[in-house]
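Inspection log for the structure reproduced underneath, given as structure tokens.
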Amino acid sequence: MMEEKQAYKDSQLYRIRHSTAHIMAESVLEKFPDAKFAIGPAIEDGFYYDFDLPRALTPDDLAEIEKRMRGLIQSHETFERKEISPEEAKEVFKDQPYKLELIEGLEHGGLDEDGNPTDEPVPLSLYSSGAFTDLCAGPHVENSKEINPQAIKLLNIAGAYWRGDEKRPMLQRIYGTAFESKADLDDYLWKIEEAKKRDHRKLGKELDLFSTNDEVGAGLVLWHPNGAMIRHLVERYWDDEHLANGYDFVYTPHIGKSSLWETSGHLQTYSENMYAPIEIEGQAYYIKPMNCPFHIHVYKSGLRSYRDLPIRLAEKGTVYRYERSGVMHGLLRVRGFTQDDAHHFCREDQMSAEVDFVLDFSMKMLQAFGFKKIQAYLSTMPEKRVGEEDRWHAAEAALEETLKRMQVPYEVDQGGGAFYGPKIDLKVQDALGREWQLSTIQFDFNLPERFDLSYIGEDGQPHRPYMVHRALLGSLERFFGVLIEHYGGAFPVWLAPRQVELIPIAERHNDFAWQVAAQLKKAGLRVKVNDSSDRMNAKIRDAQNQKVPYMLVIGDREVEEGAVALRRRSGESLPAMGVDAFIALAQKEVAERL
RNA sequence: GCCGGCGUAGCUCAAUGGUAGAGCAACCGCCUUGUAAGUGGUAGGUUAUGGGUUCGAUUCCCAUCGUCGGCUCCA
């Protein structure tokens, strides 16, 4: 991954994108001579440039700028590099406050153009192309004729804080992209279109899976019967697997007294994300943003022996967190959600086996839902932290050794751990190659201290257990959103809310259809009979749009033979088969989770 | 929270400073059908909410709520 990023930075595509950003800035400056410009790097799928402009941009502006860019590209501008001193640079950019700030930073080895800290003063360079000169380290193309004017596209306008700091001015950011060929651009735009078709918010409506509602409140999800059926199936599988793997289930309340959250430290460090307290009988109660303190109290409810460990307490715990109004996004970022949470308590000598177990278990769980490509991220000890250093190192070693042993591809984020412990996050890749973080496995050196957790060791003395938080699916809401997009709404048979749609051709076939439906239901299949007076074609279209995996057409032939004619949602039609044969086929595919 | 856009029937969308229209869906019929939309009719809206400007606001202005694209945040 790291190598890939470096390779991209060295590539011609990167130079094309970065240079296209400059061309864009040139055309924006032509249109708004007083524009102040900030930074304009190439990014993963394109580029952007931030401007401080006298008025808000409109989509029409974008079209106009894009058109002008093509003209500039075709005028074959050369990109010329020049090294200069900070003093010269300040003179060149005397009317550009953002550039002056960058120069200051570079001069003193503060931050570079990407906002990364640099230790030493960086040599300054200018790149000039056409009428535009920018403070820029490059690299660029030599001439704009290397840019294909048919392979550029401006995508959208958005607000962005100067240097990502919400206390600084809000600038206007134009996102765009560029490719080497028109075909590559078209592929990319196709992928964006495809992603729109799979958008879980759109599919959630079309397939009647879930909704949110003004009156209920933002970020609070209503699961409709279809979505709730899928959730039920996910939960049922999750329950079975947990029970088979040494977990104990617990149920805990949704609110707890303020003293609980003081002990846990959440009131001191997490209150910004917590809902306001509920006062009753002179006590303040808080809605839980996390399940941990409750699980810890289950642990603490009795004296624990080293023989009792490991203890694995699991709960699909619903939590509420205040999220700022602008950050909610469908099911992926909400205010009320259910974590598939568990806390492991173990001895030091069990830690390695426990980490092995939980990583293996996570991977199997994710794979069961069709996510085959999984990438791990290991985050280690940060500067600001609690807990003894040797415990940190022991935990990090256990995590990393497990990743190696299980040959899971991983990246290390040095110093990226939470203040309370190191962690592994797992990201899955979906059908379009997008990454989504689902699982997290985190050590905690904070709460066991705060709640004074202990177990009695072989030596008769109390010892502090190691504690691990983990969520495998993350939250059921987020997981559902990712699942919808991964399958594009065409859920595998075992998860499809409706597995079979029976399609009688004429009214006289309805009775037989109902008989078949009864048989299928008995066999555990989820079935609907479409006995409306619609034409068969319309019924097929409807079932197809609802992405029902099996459509069973029933006409005179089928009634006579006691058979059904299977059409799959792939469009494949099979010759008529007996009802038992269909049940066997469906049950096999359900068992295989196809 | 911030910048910008948007909010009209269940859904997808149209229209206008003089109290709104289509397609699909729904409902009632007719048709009885062989692998992606048969057909006629009926009903459905305080144009998100609250305030303001105006003789008159759904349209213009303000606020609130929701939502979209980003930023920021993501213990």
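Here, A, B, ... name the chains of the structure tokens in the order displayed, residue numbers run from 1 inside each chain, and ligands are numbered from 1 in the same displayed order.
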Can you list, as a tab-separated table (two decimals) with all heavy atoms, in the first residue's frame, every protein, DNA or RNA residue that comes within 12 Å of range 25-31 of chain B when you count only C-alpha atoms (C1' of nucleotides), leaving out same-chain residues fewer than 3 positions away?
chain	number	residue	atom	x	y	z
A	206	GLU	N	-35.89	2.14	-2.29
A	206	GLU	CA	-36.46	1.31	-3.35
A	206	GLU	C	-36.85	-0.07	-2.86
A	206	GLU	O	-37.84	-0.65	-3.32
A	206	GLU	CB	-35.45	1.17	-4.51
A	206	GLU	CG	-35.29	2.44	-5.31
A	206	GLU	CD	-34.15	2.38	-6.31
A	206	GLU	OE1	-33.50	1.31	-6.44
A	206	GLU	OE2	-33.90	3.41	-6.96
A	506	ALA	N	-52.40	-16.82	-14.46
A	506	ALA	CA	-53.80	-16.38	-14.48
A	506	ALA	C	-54.45	-16.75	-13.16
A	506	ALA	O	-53.90	-17.50	-12.36
A	506	ALA	CB	-54.53	-17.03	-15.65
A	507	GLU	N	-55.63	-16.19	-12.97
A	507	GLU	CA	-56.31	-16.38	-11.69
A	507	GLU	C	-56.50	-17.86	-11.35
A	507	GLU	O	-56.44	-18.24	-10.18
A	507	GLU	CB	-57.66	-15.68	-11.75
A	507	GLU	CG	-58.05	-14.99	-10.48
A	507	GLU	CD	-59.31	-14.15	-10.70
A	507	GLU	OE1	-59.21	-13.14	-11.44
A	507	GLU	OE2	-60.36	-14.51	-10.17
A	533	SER	N	-53.92	-9.01	-10.34
A	533	SER	CA	-54.41	-9.29	-11.69
A	533	SER	C	-53.44	-8.77	-12.75
A	533	SER	O	-53.79	-8.68	-13.92
A	533	SER	CB	-55.80	-8.68	-11.88
A	533	SER	OG	-55.70	-7.26	-11.78
A	534	ASP	N	-52.22	-8.40	-12.31
A	534	ASP	CA	-51.23	-7.96	-13.29
A	534	ASP	C	-50.87	-9.07	-14.27
A	534	ASP	O	-51.04	-10.26	-13.97
A	534	ASP	CB	-49.93	-7.55	-12.56
A	534	ASP	CG	-50.05	-6.17	-11.94
A	534	ASP	OD1	-50.90	-5.39	-12.40
A	534	ASP	OD2	-49.29	-5.90	-10.99
A	535	ARG	N	-50.36	-8.65	-15.39
A	535	ARG	CA	-49.81	-9.64	-16.32
A	535	ARG	C	-48.56	-10.27	-15.71
A	535	ARG	O	-47.87	-9.67	-14.90
A	535	ARG	CB	-49.40	-8.97	-17.63
A	535	ARG	CG	-50.55	-8.67	-18.56
A	535	ARG	CD	-50.08	-7.88	-19.74
A	535	ARG	NE	-49.02	-8.58	-20.48
A	535	ARG	CZ	-48.36	-8.04	-21.48
A	535	ARG	NH1	-48.62	-6.79	-21.84
A	535	ARG	NH2	-47.44	-8.72	-22.12
A	542	ASP	N	-41.66	-6.66	-11.40
A	542	ASP	CA	-41.74	-6.22	-10.02
A	542	ASP	C	-40.78	-7.03	-9.13
A	542	ASP	O	-40.00	-6.46	-8.35
A	542	ASP	CB	-43.18	-6.36	-9.53
A	542	ASP	CG	-43.34	-5.91	-8.10
A	542	ASP	OD1	-42.97	-4.77	-7.82
A	542	ASP	OD2	-43.81	-6.72	-7.27
B	9	A	P	-44.65	16.13	-2.04
B	9	A	OP1	-44.40	15.66	-0.66
B	9	A	OP2	-43.72	15.78	-3.12
B	9	A	O5'	-46.10	15.66	-2.47
B	9	A	C5'	-47.16	15.66	-1.51
B	9	A	C4'	-48.07	14.51	-1.81
B	9	A	O4'	-48.78	14.81	-3.04
B	9	A	C3'	-47.35	13.18	-2.02
B	9	A	O3'	-48.09	12.13	-1.39
B	9	A	C2'	-47.38	12.97	-3.52
B	9	A	O2'	-47.43	11.62	-3.90
B	9	A	C1'	-48.68	13.69	-3.90
B	9	A	N9	-48.72	14.12	-5.30
B	9	A	C8	-47.74	14.07	-6.24
B	9	A	N7	-48.11	14.49	-7.43
B	9	A	C5	-49.43	14.85	-7.25
B	9	A	C6	-50.39	15.37	-8.13
B	9	A	N6	-50.17	15.63	-9.41
B	9	A	N1	-51.62	15.61	-7.64
B	9	A	C2	-51.86	15.35	-6.35
B	9	A	N3	-51.04	14.86	-5.42
B	9	A	C4	-49.82	14.63	-5.94
B	10	G	P	-47.82	11.77	0.12
B	10	G	OP1	-49.06	11.23	0.67
B	10	G	OP2	-47.15	12.91	0.78
B	10	G	O5'	-46.76	10.59	-0.01
B	10	G	C5'	-46.25	9.92	1.16
B	10	G	C4'	-45.58	8.64	0.70
B	10	G	O4'	-46.61	7.80	0.11
B	10	G	C3'	-44.56	8.85	-0.41
B	10	G	O3'	-43.27	9.05	0.14
B	10	G	C2'	-44.64	7.56	-1.20
B	10	G	O2'	-43.91	6.53	-0.57
B	10	G	C1'	-46.14	7.22	-1.10
B	10	G	N9	-46.93	7.79	-2.20
B	10	G	C8	-47.99	8.64	-2.07
B	10	G	N7	-48.52	8.97	-3.22
B	10	G	C5	-47.76	8.31	-4.15
B	10	G	C6	-47.88	8.28	-5.57
B	10	G	O6	-48.68	8.87	-6.29
B	10	G	N1	-46.89	7.47	-6.14
B	10	G	C2	-45.94	6.78	-5.43
B	10	G	N2	-45.09	6.07	-6.17
B	10	G	N3	-45.83	6.79	-4.12
B	10	G	C4	-46.77	7.57	-3.55
B	11	C	P	-42.24	10.06	-0.58
B	11	C	OP1	-41.07	10.17	0.31
B	11	C	OP2	-42.97	11.27	-1.01
B	11	C	O5'	-41.81	9.23	-1.86
B	11	C	C5'	-40.99	8.07	-1.75
B	11	C	C4'	-40.69	7.54	-3.13
B	11	C	O4'	-41.94	7.16	-3.76
B	11	C	C3'	-40.09	8.56	-4.08
B	11	C	O3'	-38.68	8.62	-3.94
B	11	C	C2'	-40.51	8.03	-5.45
B	11	C	O2'	-39.69	6.96	-5.86
B	11	C	C1'	-41.90	7.48	-5.14
B	11	C	N1	-42.98	8.44	-5.43
B	11	C	C2	-43.34	8.66	-6.77
B	11	C	O2	-42.72	8.07	-7.65
B	11	C	N3	-44.35	9.51	-7.05
B	11	C	C4	-44.99	10.13	-6.06
B	11	C	N4	-45.98	10.97	-6.39
B	11	C	C5	-44.64	9.94	-4.69
B	11	C	C6	-43.64	9.09	-4.43
B	12	U	P	-37.92	9.96	-4.28
B	12	U	OP1	-36.51	9.75	-3.92
B	12	U	OP2	-38.69	11.09	-3.71
B	12	U	O5'	-38.05	10.04	-5.86
B	12	U	C5'	-37.37	9.09	-6.69
B	12	U	C4'	-37.62	9.44	-8.14
B	12	U	O4'	-39.01	9.19	-8.45
B	12	U	C3'	-37.43	10.91	-8.49
B	12	U	O3'	-36.07	11.23	-8.69
B	12	U	C2'	-38.28	11.05	-9.75
B	12	U	O2'	-37.61	10.56	-10.88
B	12	U	C1'	-39.46	10.13	-9.42
B	12	U	N1	-40.61	10.88	-8.86
B	12	U	C2	-41.51	11.42	-9.76
B	12	U	O2	-41.39	11.30	-10.96
B	12	U	N3	-42.55	12.11	-9.20
B	12	U	C4	-42.78	12.31	-7.85
B	12	U	O4	-43.76	12.95	-7.49
B	12	U	C5	-41.79	11.73	-6.98
B	12	U	C6	-40.76	11.05	-7.50
B	38	G	P	-48.13	-4.30	-18.16
B	38	G	OP1	-48.59	-3.80	-16.87
B	38	G	OP2	-48.00	-5.75	-18.43
B	38	G	O5'	-49.10	-3.66	-19.26
B	38	G	C5'	-48.90	-3.92	-20.65
B	38	G	C4'	-50.23	-4.03	-21.33
B	38	G	O4'	-50.93	-5.20	-20.83
B	38	G	C3'	-51.21	-2.88	-21.03
B	38	G	O3'	-50.96	-1.75	-21.85
B	38	G	C2'	-52.54	-3.54	-21.35
B	38	G	O2'	-52.75	-3.63	-22.73
B	38	G	C1'	-52.31	-4.94	-20.77
B	38	G	N9	-52.74	-5.02	-19.37
B	38	G	C8	-51.96	-5.16	-18.25
B	38	G	N7	-52.66	-5.20	-17.15
B	38	G	C5	-53.98	-5.07	-17.57
B	38	G	C6	-55.18	-5.04	-16.82
B	38	G	O6	-55.34	-5.12	-15.60
B	38	G	N1	-56.30	-4.91	-17.66
B	38	G	C2	-56.26	-4.81	-19.02
B	38	G	N2	-57.42	-4.67	-19.63
B	38	G	N3	-55.13	-4.82	-19.73
B	38	G	C4	-54.05	-4.97	-18.95
B	39	U	P	-51.20	-0.28	-21.30
B	39	U	OP1	-50.81	0.66	-22.36
B	39	U	OP2	-50.60	-0.16	-19.95
B	39	U	O5'	-52.79	-0.25	-21.14
B	39	U	C5'	-53.63	-0.32	-22.28
B	39	U	C4'	-55.06	-0.36	-21.84
B	39	U	O4'	-55.29	-1.56	-21.03
B	39	U	C3'	-55.50	0.78	-20.92
B	39	U	O3'	-55.84	1.94	-21.64
B	39	U	C2'	-56.70	0.17	-20.21
B	39	U	O2'	-57.86	0.18	-21.02
B	39	U	C1'	-56.24	-1.28	-20.02
B	39	U	N1	-55.63	-1.50	-18.69
B	39	U	C2	-56.49	-1.67	-17.62
B	39	U	O2	-57.70	-1.64	-17.75
B	39	U	N3	-55.88	-1.85	-16.41
B	39	U	C4	-54.53	-1.91	-16.16
B	39	U	O4	-54.14	-2.09	-15.01
B	39	U	C5	-53.70	-1.72	-17.32
B	39	U	C6	-54.27	-1.53	-18.52
B	40	G	P	-55.87	3.37	-20.92
B	40	G	OP1	-55.79	4.41	-21.97
B	40	G	OP2	-54.87	3.35	-19.82
B	40	G	O5'	-57.30	3.42	-20.25
B	40	G	C5'	-58.45	3.55	-21.08
B	40	G	C4'	-59.70	3.49	-20.23
B	40	G	O4'	-59.74	2.21	-19.55
B	40	G	C3'	-59.75	4.50	-19.09
B	40	G	O3'	-60.19	5.78	-19.50
B	40	G	C2'	-60.76	3.84	-18.15
B	40	G	O2'	-62.08	3.98	-18.61
B	40	G	C1'	-60.33	2.37	-18.27
B	40	G	N9	-59.34	2.04	-17.24
B	40	G	C8	-57.97	1.95	-17.36
B	40	G	N7	-57.36	1.64	-16.25
B	40	G	C5	-58.38	1.52	-15.33
B	40	G	C6	-58.35	1.19	-13.94
B	40	G	O6	-57.37	0.94	-13.23
B	40	G	N1	-59.62	1.18	-13.39
B	40	G	C2	-60.79	1.43	-14.07
B	40	G	N2	-61.92	1.37	-13.36
B	40	G	N3	-60.84	1.73	-15.36
B	40	G	C4	-59.61	1.75	-15.91
B	41	G	P	-59.75	7.09	-18.68
B	41	G	OP1	-60.34	8.26	-19.36
B	41	G	OP2	-58.28	7.02	-18.48
B	41	G	O5'	-60.43	6.90	-17.25
B	41	G	C5'	-61.81	7.23	-17.07
B	41	G	C4'	-62.29	6.70	-15.76
B	41	G	O4'	-61.75	5.37	-15.53
B	41	G	C3'	-61.84	7.45	-14.51
B	41	G	O3'	-62.61	8.63	-14.28
B	41	G	C2'	-62.08	6.41	-13.42
B	41	G	O2'	-63.46	6.29	-13.11
B	41	G	C1'	-61.62	5.14	-14.14
B	41	G	N9	-60.21	4.86	-13.83
B	41	G	C8	-59.12	4.94	-14.66
B	41	G	N7	-58.00	4.62	-14.07
B	41	G	C5	-58.37	4.32	-12.76
B	41	G	C6	-57.59	3.89	-11.66
B	41	G	O6	-56.38	3.71	-11.60
B	41	G	N1	-58.37	3.69	-10.53
B	41	G	C2	-59.74	3.86	-10.47
B	41	G	N2	-60.32	3.62	-9.29
B	41	G	N3	-60.47	4.24	-11.49
B	41	G	C4	-59.73	4.45	-12.60
B	42	U	P	-62.00	9.85	-13.45
B	42	U	OP1	-62.96	10.98	-13.50
B	42	U	OP2	-60.59	10.03	-13.89
B	42	U	O5'	-61.98	9.28	-11.96
B	42	U	C5'	-63.20	8.98	-11.27
B	42	U	C4'	-62.89	8.46	-9.89
B	42	U	O4'	-62.08	7.25	-10.00
B	42	U	C3'	-62.04	9.38	-9.04
B	42	U	O3'	-62.82	10.38	-8.40
B	42	U	C2'	-61.42	8.41	-8.04
B	42	U	O2'	-62.33	8.04	-7.03
B	42	U	C1'	-61.16	7.20	-8.92
B	42	U	N1	-59.79	7.18	-9.48
B	42	U	C2	-58.76	6.78	-8.64
B	42	U	O2	-58.93	6.47	-7.48
B	42	U	N3	-57.51	6.79	-9.21
B	42	U	C4	-57.20	7.13	-10.51
B	42	U	O4	-56.03	7.07	-10.88
B	42	U	C5	-58.32	7.52	-11.31
B	42	U	C6	-59.55	7.54	-10.78
B	43	A	P	-62.16	11.80	-8.07
B	43	A	OP1	-63.26	12.68	-7.62
B	43	A	OP2	-61.28	12.22	-9.18
B	43	A	O5'	-61.24	11.48	-6.81
B	43	A	C5'	-61.81	11.05	-5.58
B	43	A	C4'	-60.75	10.43	-4.71
B	43	A	O4'	-60.09	9.37	-5.45
B	43	A	C3'	-59.60	11.35	-4.32
B	43	A	O3'	-59.92	12.14	-3.19
B	43	A	C2'	-58.49	10.36	-4.02
B	43	A	O2'	-58.66	9.73	-2.78
B	43	A	C1'	-58.72	9.33	-5.13
B	43	A	N9	-57.93	9.63	-6.33
B	43	A	C8	-58.33	10.25	-7.49
B	43	A	N7	-57.39	10.36	-8.39
B	43	A	C5	-56.29	9.79	-7.78
B	43	A	C6	-54.96	9.59	-8.19
B	43	A	N6	-54.51	9.97	-9.39
B	43	A	N1	-54.11	8.99	-7.34
B	43	A	C2	-54.57	8.62	-6.14
B	43	A	N3	-55.79	8.74	-5.62
B	43	A	C4	-56.61	9.34	-6.50
B	44	G	P	-59.28	13.60	-3.01
B	44	G	OP1	-59.85	14.20	-1.79
B	44	G	OP2	-59.40	14.29	-4.32
B	44	G	O5'	-57.74	13.29	-2.75
B	44	G	C5'	-57.34	12.63	-1.55
B	44	G	C4'	-55.89	12.23	-1.65
B	44	G	O4'	-55.69	11.48	-2.86
B	44	G	C3'	-54.91	13.39	-1.76
B	44	G	O3'	-54.56	13.86	-0.46
B	44	G	C2'	-53.71	12.75	-2.46
B	44	G	O2'	-52.87	12.09	-1.55
B	44	G	C1'	-54.39	11.72	-3.37
B	44	G	N9	-54.50	12.18	-4.76
B	44	G	C8	-55.56	12.80	-5.36
B	44	G	N7	-55.35	13.07	-6.62
B	44	G	C5	-54.07	12.60	-6.86
B	44	G	C6	-53.29	12.62	-8.04
B	44	G	O6	-53.59	13.06	-9.15
B	44	G	N1	-52.05	12.04	-7.84
B	44	G	C2	-51.60	11.51	-6.66
B	44	G	N2	-50.36	11.00	-6.65
B	44	G	N3	-52.32	11.49	-5.54
B	44	G	C4	-53.53	12.05	-5.72
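The chain A residues that come within 6 Å of chain B are Ala158, Gly159, Ala160, Tyr161, Asp214, Ala506, Arg535, Ala538 and Arg541 of chain A, with only C-alpha atoms (C1' of nucleotides) taken into account.
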Note to self: Neighbouring residues of range 494-504 of chain A were defined as those with any atom within 7 Å, considering only C-alpha atoms (C1' of nucleotides); residues of the same chain fewer than 5 positions away were excluded. Please report them as number ranges by chain.
What the structure shows: A: 226, 229-230, 233, 509-510, 513, 525-531, 536, 539, 543, 548-555, 590, 593
Those residues you just picked out, can you put them in a file as a JSON list (two decimals), in the first residue's frame with N, CA, C and O atoms?
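Written file, part38.json:
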[["chain", "number", "residue", "atom", "x", "y", "z"],
["A", 226, "ASN", "N", -38.54, -5.26, 5.78],
["A", 226, "ASN", "CA", -37.52, -5.92, 4.94],
["A", 226, "ASN", "C", -36.13, -5.78, 5.54],
["A", 226, "ASN", "O", -35.35, -6.74, 5.58],
["A", 229, "MET", "N", -35.81, -7.81, 8.70],
["A", 229, "MET", "CA", -35.63, -9.25, 8.46],
["A", 229, "MET", "C", -34.15, -9.53, 8.22],
["A", 229, "MET", "O", -33.59, -10.49, 8.76],
["A", 230, "ILE", "N", -33.51, -8.69, 7.44],
["A", 230, "ILE", "CA", -32.08, -8.90, 7.17],
["A", 230, "ILE", "C", -31.30, -8.77, 8.47],
["A", 230, "ILE", "O", -30.43, -9.58, 8.78],
["A", 233, "LEU", "N", -31.63, -11.82, 10.50],
["A", 233, "LEU", "CA", -30.84, -12.95, 9.99],
["A", 233, "LEU", "C", -29.36, -12.76, 10.32],
["A", 233, "LEU", "O", -28.66, -13.72, 10.66],
["A", 509, "HIS", "N", -54.59, -20.15, -11.57],
["A", 509, "HIS", "CA", -53.38, -20.79, -11.05],
["A", 509, "HIS", "C", -53.09, -20.41, -9.60],
["A", 509, "HIS", "O", -52.16, -20.91, -9.00],
["A", 510, "ASN", "N", -53.91, -19.49, -9.08],
["A", 510, "ASN", "CA", -53.63, -18.97, -7.74],
["A", 510, "ASN", "C", -53.68, -20.06, -6.65],
["A", 510, "ASN", "O", -52.82, -20.09, -5.77],
["A", 513, "ALA", "N", -50.66, -22.00, -6.58],
["A", 513, "ALA", "CA", -49.55, -21.16, -6.09],
["A", 513, "ALA", "C", -49.58, -21.10, -4.56],
["A", 513, "ALA", "O", -48.53, -21.20, -3.90],
["A", 525, "LEU", "N", -38.70, -21.32, 3.88],
["A", 525, "LEU", "CA", -38.39, -20.28, 2.91],
["A", 525, "LEU", "C", -39.33, -19.08, 3.09],
["A", 525, "LEU", "O", -40.46, -19.23, 3.54],
["A", 526, "ARG", "N", -38.80, -17.91, 2.74],
["A", 526, "ARG", "CA", -39.59, -16.67, 2.85],
["A", 526, "ARG", "C", -40.22, -16.38, 1.48],
["A", 526, "ARG", "O", -39.51, -16.16, 0.50],
["A", 527, "VAL", "N", -41.55, -16.38, 1.46],
["A", 527, "VAL", "CA", -42.28, -16.50, 0.22],
["A", 527, "VAL", "C", -43.37, -15.45, 0.10],
["A", 527, "VAL", "O", -43.98, -15.07, 1.09],
["A", 528, "LYS", "N", -43.60, -14.98, -1.13],
["A", 528, "LYS", "CA", -44.78, -14.16, -1.38],
["A", 528, "LYS", "C", -45.47, -14.68, -2.65],
["A", 528, "LYS", "O", -44.80, -15.04, -3.62],
["A", 529, "VAL", "N", -46.78, -14.72, -2.62],
["A", 529, "VAL", "CA", -47.53, -15.04, -3.83],
["A", 529, "VAL", "C", -48.04, -13.74, -4.42],
["A", 529, "VAL", "O", -48.73, -12.98, -3.74],
["A", 530, "ASN", "N", -47.69, -13.47, -5.66],
["A", 530, "ASN", "CA", -48.22, -12.27, -6.31],
["A", 530, "ASN", "C", -49.49, -12.67, -7.06],
["A", 530, "ASN", "O", -49.45, -13.03, -8.22],
["A", 531, "ASP", "N", -50.63, -12.58, -6.34],
["A", 531, "ASP", "CA", -51.90, -13.02, -6.95],
["A", 531, "ASP", "C", -52.70, -11.82, -7.48],
["A", 531, "ASP", "O", -53.90, -11.89, -7.61],
["A", 536, "MET", "N", -48.25, -11.48, -16.18],
["A", 536, "MET", "CA", -47.06, -12.16, -15.69],
["A", 536, "MET", "C", -45.81, -11.30, -15.89],
["A", 536, "MET", "O", -44.95, -11.22, -15.01],
["A", 539, "LYS", "N", -45.46, -8.87, -13.19],
["A", 539, "LYS", "CA", -45.09, -9.51, -11.92],
["A", 539, "LYS", "C", -43.60, -9.84, -11.90],
["A", 539, "LYS", "O", -42.94, -9.69, -10.87],
["A", 543, "ALA", "N", -40.81, -8.35, -9.28],
["A", 543, "ALA", "CA", -39.94, -9.21, -8.47],
["A", 543, "ALA", "C", -38.48, -8.94, -8.80],
["A", 543, "ALA", "O", -37.60, -8.93, -7.93],
["A", 548, "VAL", "N", -35.62, -10.17, -5.93],
["A", 548, "VAL", "CA", -35.97, -11.46, -5.33],
["A", 548, "VAL", "C", -35.17, -12.54, -6.04],
["A", 548, "VAL", "O", -35.20, -12.61, -7.27],
["A", 549, "PRO", "N", -34.47, -13.40, -5.29],
["A", 549, "PRO", "CA", -33.59, -14.37, -5.95],
["A", 549, "PRO", "C", -34.33, -15.40, -6.81],
["A", 549, "PRO", "O", -33.84, -15.77, -7.87],
["A", 550, "TYR", "N", -35.47, -15.88, -6.32],
["A", 550, "TYR", "CA", -36.18, -16.93, -7.09],
["A", 550, "TYR", "C", -37.57, -16.47, -7.46],
["A", 550, "TYR", "O", -38.35, -16.06, -6.60],
["A", 551, "MET", "N", -37.89, -16.56, -8.74],
["A", 551, "MET", "CA", -39.26, -16.33, -9.19],
["A", 551, "MET", "C", -39.79, -17.66, -9.70],
["A", 551, "MET", "O", -39.14, -18.30, -10.53],
["A", 552, "LEU", "N", -40.94, -18.06, -9.21],
["A", 552, "LEU", "CA", -41.50, -19.33, -9.67],
["A", 552, "LEU", "C", -42.76, -19.03, -10.46],
["A", 552, "LEU", "O", -43.75, -18.54, -9.93],
["A", 553, "VAL", "N", -42.69, -19.31, -11.74],
["A", 553, "VAL", "CA", -43.83, -19.05, -12.62],
["A", 553, "VAL", "C", -44.71, -20.29, -12.65],
["A", 553, "VAL", "O", -44.23, -21.41, -12.77],
["A", 554, "ILE", "N", -46.01, -20.04, -12.49],
["A", 554, "ILE", "CA", -46.96, -21.15, -12.44],
["A", 554, "ILE", "C", -48.09, -20.91, -13.43],
["A", 554, "ILE", "O", -48.83, -19.93, -13.33],
["A", 555, "GLY", "N", -48.16, -21.79, -14.42],
["A", 555, "GLY", "CA", -49.23, -21.71, -15.43],
["A", 555, "GLY", "C", -49.91, -23.07, -15.56],
["A", 555, "GLY", "O", -49.77, -23.93, -14.68],
["A", 590, "VAL", "N", -29.09, -21.71, 0.25],
["A", 590, "VAL", "CA", -29.14, -21.00, 1.53],
["A", 590, "VAL", "C", -27.98, -21.46, 2.42],
["A", 590, "VAL", "O", -27.25, -20.65, 2.99],
["A", 593, "ARG", "N", -24.78, -20.10, 1.56],
["A", 593, "ARG", "CA", -24.80, -18.64, 1.67],
["A", 593, "ARG", "C", -24.51, -17.96, 0.33],
["A", 593, "ARG", "O", -23.75, -17.01, 0.24]]
Check: If we count only C-alpha atoms (C1' of nucleotides), what is near Asp413 in chain A at a cut-off of 12 Å, once residues fewer than 6 positions away on the same chain are taken out, given as a ChimeraX atom specification?
Finding: /A:2,376-382,396,400,422-425
Next item on the list: Please report, as a VMD selection string, each residue of range 207-440 of chain A to which DSSP assigns helix (DSSP H, G or I) when run on this structure's backbone.
Entry: chain A and resid 225 to 243 258 to 264 266 to 269 271 to 273 292 to 300 306 to 308 325 to 327 348 to 368 389 to 405
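Distance annotation: of A:Gly415, A:Pro409, A:Gly330, A:Gly524, the residue with the minimal separation from Arg385 in chain A is A:Gly415; atom set is only C-alpha atoms.
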Could you give me, as JSON lines, every range 243-321 of chain A residue with an atom at most 12 Å from range 433-449 of chain A, plus its closest atom pair and distance in Å to one decimal, counting only C-alpha atoms, rows ordered by chain then number?
{"residue": "A:Leu260", "atom": "CA", "partner": "A:Leu447", "partner_atom": "CA", "distance": 11.6}
{"residue": "A:Trp261", "atom": "CA", "partner": "A:Leu447", "partner_atom": "CA", "distance": 11.0}
{"residue": "A:Glu262", "atom": "CA", "partner": "A:Leu447", "partner_atom": "CA", "distance": 11.3}
{"residue": "A:Thr263", "atom": "CA", "partner": "A:Leu447", "partner_atom": "CA", "distance": 8.6}
{"residue": "A:Ser264", "atom": "CA", "partner": "A:Leu447", "partner_atom": "CA", "distance": 6.2}
{"residue": "A:Gly265", "atom": "CA", "partner": "A:Leu447", "partner_atom": "CA", "distance": 8.3}
{"residue": "A:His266", "atom": "CA", "partner": "A:Leu447", "partner_atom": "CA", "distance": 10.3}
{"residue": "A:Cys292", "atom": "CA", "partner": "A:Leu447", "partner_atom": "CA", "distance": 8.5}
{"residue": "A:Pro293", "atom": "CA", "partner": "A:Leu447", "partner_atom": "CA", "distance": 8.0}
{"residue": "A:Phe294", "atom": "CA", "partner": "A:Leu447", "partner_atom": "CA", "distance": 11.4}
{"residue": "A:His295", "atom": "CA", "partner": "A:Leu447", "partner_atom": "CA", "distance": 11.0}
{"residue": "A:Ile296", "atom": "CA", "partner": "A:Pro448", "partner_atom": "CA", "distance": 8.1}
{"residue": "A:His297", "atom": "CA", "partner": "A:Pro448", "partner_atom": "CA", "distance": 10.7}
{"residue": "A:Tyr299", "atom": "CA", "partner": "A:Pro448", "partner_atom": "CA", "distance": 10.5}
{"residue": "A:Lys300", "atom": "CA", "partner": "A:Pro448", "partner_atom": "CA", "distance": 10.2}
